[in-house]
Amino acid sequence: MFEKIELAPADPILGLNEAFRNDDRPTKVNLGVGVYKDNDGRTPVLNCVKQAEARILASQTSKGYLAIDGHPEYRAMVQSLLLGASHPVLAEQRSRAVQAPGGTGALRIAADFVASQTPVKRVWISDPSWANHRQIFETAGLEVHTYRYYDAANKTLNFDGMLADLDALGPQDMVVLHGCCHNPTGVDPDLAQWQTLAACAKQQGWLPLFDFAYQGFAVGVEEDAAGLRHFAETVSELLVANSFSKNFGLYNERIGALTLIAANGEAADKALSQIKRVVRANYSNPPSHGAEVVATILADAELRALWLDELAQMRERIQGMRSALVEGLSSAGVAGDFGFIQRQNGMFSFSGLNGEQVAKLKQDHGIYIVGSGRINVAGLTGHNLDAVIAAIKAVSE
Ligand code: LMR
């Protein structure tokens with residue numbers, strides 16, 4: 001029966017890594033997948049992680065299973081990191097978190113939970129959105145639609161279009177919102193816009209699902225959660241899928257969480273019991289290491305301060321690369337105003353390069369970016385920047 005199976009298309013993001021590995025040009029540059037690189041092109045293990053791991057290794061006495069919902073201290077710390085330790089939802093004990101294998105794992109748990117336990121039939125993702133969103137929700141049997149988000153002509157948020165689309169939704173709809181550092185555009189709502197969106201969710205009764213994979217990459221850990229925190233004060237029910245791949249550099253540990261907020265503690269407990277069934281049926285219980293690392297860092301004042309410092313260094317290096325890219329493109333005489341690159345948040349820049357230009361960057365110059373024109377600015381370094389600018393100039397002429 002297997003001989004009838006057709007070859008699946010390469011993944012639009014992770015598939016680039018394979019093509020990159022098979023490219024033998026020494027000057028090749030991978031600006032595809034959202035992974036942070038330091039100025040020497042390495043994806044470092046953070047010092048706070050190294051120190052936490054040393055402590056864990058010295059004190060660990062067992063490799064017994066974690067509970068279905070994961071590491072207890074980790075789950076508590078995730079909620080206060082997302083919501084802020086003094087958020088009313090925490091005081092009212094209306095939130096529950098389940099450890100998940102990365103942000104993708106958290107999204108898939110959310111999708112299965114929502115499809116089996118709620119009236120939600122349709123999921124609305126931004127246009128454009130992270131390339132994996134659609135298949136995660138479709139695989140769970142949900143219908144996926146898009147809401148207006150990006151104004152390509154002005155390289156800004158099409159807030160009026162977004163609001164008009166979300167204003168037409170109701171309790172059978174779930175809306176995926178990128179908590180900060182929108183992937184792929186880097187364009188986020190401001191606080192006033194978040195407030196308007198939260199009022200819309202409350203009035204229309206649609207369920208918000210925050211995809212929060214880049215906390216700390218726009219302005220800071222607290223600032224970047226402002227939209228989410230306001231939503232959590234406004235609506236009674238909410239989901240958050242978060243990831244620590246990027247902000248702790250724990251990519252291959254697959255560590256994230258799904259957090260649920262319900263109208264009261266009893267409803268939250270019942271929902272949690274169903275989420276745990278989803279987990280049990282999919283992978284039984286989560287792996288331990290990433291959760292122990294994150295919990296150890298967040299619980300220790302010194303390690304936490306070191307983490308915030310290392311996160312700030314990553315953020316600042318990316319911002320520096322944004323400025324250098326803008327300056328470089330304009331001094332190379334590439335036509336157009338690239339100031340928008342500096343206004344975008346997070347790892348990515350939605351360059352505006354079209355499919356043909358993206359293909360040429362790869363074929364003629366060995367520079368790999370996502371087909372939508374998304375550049376991973378976190379992969380630019382002092383060593384590859386000039387080559388990238390020269391290639392963009394060549395494909396833009
Ligand atoms: C990305 O968008 O590049 C990252 O979120 C990695 C991934 O899994 O696609």
# chains A, B, ... in the order shown; residues from 1 in each chain; ligands from 1
>>> residues_near_ligand(ligand="ligand 1", cutoff="7 Å", atoms="only C-alpha atoms and all ligand atoms", output="ChimeraX atom specification")
/A:13-14,32-35,130,132,183
>>> residues_around(residues="region 320-323 of chain A", least_positions_apart="2", cutoff="7 Å", atoms="only C-alpha atoms", output="ChimeraX atom specification")
/A:316-318,325-327,341-342,377,380
>>> write_last_selection(atoms="N, CA and C atoms", output="compact mmCIF listing (two decimals), in the first residue's frame")
# COMPACT_ATOMS: atom_id res chain seq x y z
N GLU A 316 19.33 43.18 21.25
CA GLU A 316 20.08 44.36 20.78
C GLU A 316 20.93 44.03 19.56
N ARG A 317 21.48 42.81 19.53
CA ARG A 317 22.27 42.46 18.33
C ARG A 317 21.36 42.43 17.09
N ILE A 318 20.15 41.91 17.25
CA ILE A 318 19.23 41.85 16.10
C ILE A 318 18.88 43.29 15.67
N LEU A 325 21.50 46.73 8.15
CA LEU A 325 20.91 46.31 6.87
C LEU A 325 20.29 47.51 6.14
N VAL A 326 19.55 48.33 6.90
CA VAL A 326 18.91 49.51 6.29
C VAL A 326 19.98 50.44 5.72
N GLU A 327 21.00 50.72 6.54
CA GLU A 327 22.07 51.61 6.07
C GLU A 327 22.79 51.03 4.86
N ILE A 341 12.21 48.31 7.89
CA ILE A 341 12.91 47.16 8.49
C ILE A 341 13.24 47.46 9.95
N GLN A 342 13.53 48.73 10.20
CA GLN A 342 13.90 49.14 11.56
C GLN A 342 12.69 49.22 12.49
N VAL A 377 16.52 38.14 10.35
CA VAL A 377 17.55 39.15 10.65
C VAL A 377 18.51 38.63 11.72
N LEU A 380 21.75 37.39 10.39
CA LEU A 380 22.74 38.31 9.77
C LEU A 380 23.89 38.52 10.75
>>> residues_around(residues="Ser80 (chain A)", least_positions_apart="4", cutoff="12 Å", atoms="only C-alpha atoms", output="NGL selection string")
:A and (73-76 or 84-91 or 93 or 95-97 or 221-222 or 225 or 229 or 259 or 295 or 298-299)
>>> write_last_selection(atoms="N, CA and C atoms", output="CSV table (one decimal), in the first residue's frame")
chain,number,residue,atom,x,y,z
A,73,GLU,N,6.5,23.2,39.2
A,73,GLU,CA,7.1,24.6,39.3
A,73,GLU,C,7.1,25.3,38.0
A,74,TYR,N,7.5,24.5,37.0
A,74,TYR,CA,7.6,25.1,35.6
A,74,TYR,C,6.2,25.7,35.3
A,75,ARG,N,5.1,24.9,35.5
A,75,ARG,CA,3.8,25.3,35.1
A,75,ARG,C,3.4,26.6,35.8
A,76,ALA,N,3.8,26.7,37.1
A,76,ALA,CA,3.4,27.9,37.8
A,76,ALA,C,4.2,29.1,37.3
A,84,GLY,N,2.4,38.2,34.4
A,84,GLY,CA,2.9,39.1,35.4
A,84,GLY,C,2.5,38.6,36.7
A,85,ALA,N,3.4,38.5,37.7
A,85,ALA,CA,3.1,37.8,39.0
A,85,ALA,C,1.8,38.4,39.7
A,86,SER,N,1.5,39.7,39.4
A,86,SER,CA,0.3,40.2,40.2
A,86,SER,C,-0.9,40.3,39.4
A,87,HIS,N,-1.0,39.6,38.3
A,87,HIS,CA,-2.2,39.7,37.4
A,87,HIS,C,-3.5,39.1,38.2
A,88,PRO,N,-4.6,39.8,38.0
A,88,PRO,CA,-5.8,39.3,38.7
A,88,PRO,C,-6.2,37.9,38.4
A,89,VAL,N,-5.9,37.4,37.2
A,89,VAL,CA,-6.3,36.1,36.8
A,89,VAL,C,-5.6,35.1,37.8
A,90,LEU,N,-4.3,35.4,38.1
A,90,LEU,CA,-3.6,34.5,39.0
A,90,LEU,C,-4.2,34.5,40.4
A,91,ALA,N,-4.5,35.8,40.9
A,91,ALA,CA,-5.1,35.9,42.2
A,91,ALA,C,-6.4,35.1,42.3
A,93,GLN,N,-7.1,32.5,40.5
A,93,GLN,CA,-6.8,31.1,40.3
A,93,GLN,C,-7.7,30.6,39.1
A,95,SER,N,-6.4,30.3,35.9
A,95,SER,CA,-5.5,29.8,34.8
A,95,SER,C,-4.9,28.5,35.2
A,96,ARG,N,-4.6,27.7,34.1
A,96,ARG,CA,-3.9,26.4,34.3
A,96,ARG,C,-3.0,26.3,33.1
A,97,ALA,N,-1.8,25.8,33.4
A,97,ALA,CA,-0.8,25.6,32.3
A,97,ALA,C,-0.4,24.1,32.2
A,221,VAL,N,10.7,41.5,28.3
A,221,VAL,CA,9.8,40.5,28.7
A,221,VAL,C,8.4,41.0,29.2
A,222,GLU,N,8.5,42.1,30.0
A,222,GLU,CA,7.2,42.6,30.6
A,222,GLU,C,6.5,43.4,29.5
A,225,ALA,N,4.5,41.5,26.8
A,225,ALA,CA,3.3,40.8,27.2
A,225,ALA,C,2.1,41.7,27.4
A,229,ARG,N,-1.7,40.6,28.5
A,229,ARG,CA,-2.1,40.8,29.8
A,229,ARG,C,-3.4,41.6,29.8
A,259,THR,N,-1.4,27.5,28.1
A,259,THR,CA,-2.1,28.0,29.3
A,259,THR,C,-3.5,28.4,28.9
A,295,ALA,N,12.6,26.3,34.7
A,295,ALA,CA,12.1,26.5,36.1
A,295,ALA,C,13.3,26.9,37.0
A,298,LEU,N,14.2,30.6,36.3
A,298,LEU,CA,13.2,31.6,36.7
A,298,LEU,C,13.0,31.6,38.2
A,299,ALA,N,13.4,30.5,38.9
A,299,ALA,CA,13.2,30.5,40.3
A,299,ALA,C,14.4,31.2,41.1
>>> select_by_dssp(residues="region 199-326 of chain A", states="helix (DSSP H, G or I)", output="NGL selection string")
:A and (199-204 or 223-234 or 251-253 or 265-282 or 289-299 or 301-326)
>>> closest_atom_pairs(of="region 200-270 of chain A", to="region 98-119 of chain A", cutoff="6 Å", atoms="only C-alpha atoms", output="JSON lines")
{"residue": "A:Ala241", "atom": "CA", "partner": "A:Ala106", "partner_atom": "CA", "distance": 5.2}
{"residue": "A:Asn242", "atom": "CA", "partner": "A:Gly103", "partner_atom": "CA", "distance": 5.2}
{"residue": "A:Ser243", "atom": "CA", "partner": "A:Gly103", "partner_atom": "CA", "distance": 4.3}
{"residue": "A:Arg254", "atom": "CA", "partner": "A:Gly102", "partner_atom": "CA", "distance": 4.2}
{"residue": "A:Ile255", "atom": "CA", "partner": "A:Gly102", "partner_atom": "CA", "distance": 4.2}
{"residue": "A:Gly256", "atom": "CA", "partner": "A:Gly102", "partner_atom": "CA", "distance": 4.2}
{"residue": "A:Ala257", "atom": "CA", "partner": "A:Gln99", "partner_atom": "CA", "distance": 4.3}
{"residue": "A:Leu258", "atom": "CA", "partner": "A:Ala106", "partner_atom": "CA", "distance": 5.0}
>>> residues_around(residues="region 177-181 of chain A", least_positions_apart="2", cutoff="10 Å", atoms="only C-alpha atoms", output="ChimeraX atom specification")
/A:124-126,129-130,174-175,183-190,194,197,208-219,223-229,240-242,344-349
>>> residues_around(residues="Trp307 (chain A)", least_positions_apart="3", cutoff="9 Å", atoms="only C-alpha atoms", output="PyMOL selection string")
chain A and resi 46-49+247-248+297-298+302-304+310-312
>>> closest_residue(among="A:Ala305, A:Leu83, A:Leu157, A:Leu250", to="Phe231 (chain A)", atoms="only C-alpha atoms")
A:Leu83
>>> select_by_dssp(residues="region 1-158 of chain A", states="strand (DSSP E)", output="JSON, numbers by chain")
{"A": [29, 30, 95, 96, 97, 98, 99, 100, 122, 123, 124, 125, 126, 127, 143, 144, 145, 146, 147, 148, 150, 151, 156, 157]}
>>> closest_residue(among="A:Ala152, A:Thr27, A:Val120, A:Asp160", to="Ala140 (chain A)", atoms="only C-alpha atoms")
A:Val120
>>> residues_around(residues="Ala335 (chain A)", least_positions_apart="4", cutoff="10 Å", atoms="only C-alpha atoms", output="number ranges by chain")
A: 329-330, 393, 396-397
>>> write_last_selection(atoms="C-alpha atoms", output="compact mmCIF listing (two decimals), in the first residue's frame")
# COMPACT_ATOMS: atom_id res chain seq x y z
CA LEU A 329 20.93 48.84 1.41
CA SER A 330 20.67 52.58 1.06
CA LYS A 393 20.89 44.70 -4.80
CA SER A 396 16.38 44.07 -7.16
CA GLU A 397 17.77 45.52 -10.39
>>> closest_residue(among="A:Asp364, A:Glu292, A:Asp151, A:Asp386", to="Gly70 (chain A)", atoms="only C-alpha atoms")
A:Glu292
>>> atom_distance(atom1="CA of Arg94 (chain A)", atom2="CA of Val294 (chain A)")
22.8 Å
>>> closest_residue(among="A:Phe338, A:Thr296, A:Asn384, A:Met1", to="Ser59 (chain A)", atoms="only C-alpha atoms")
A:Thr296
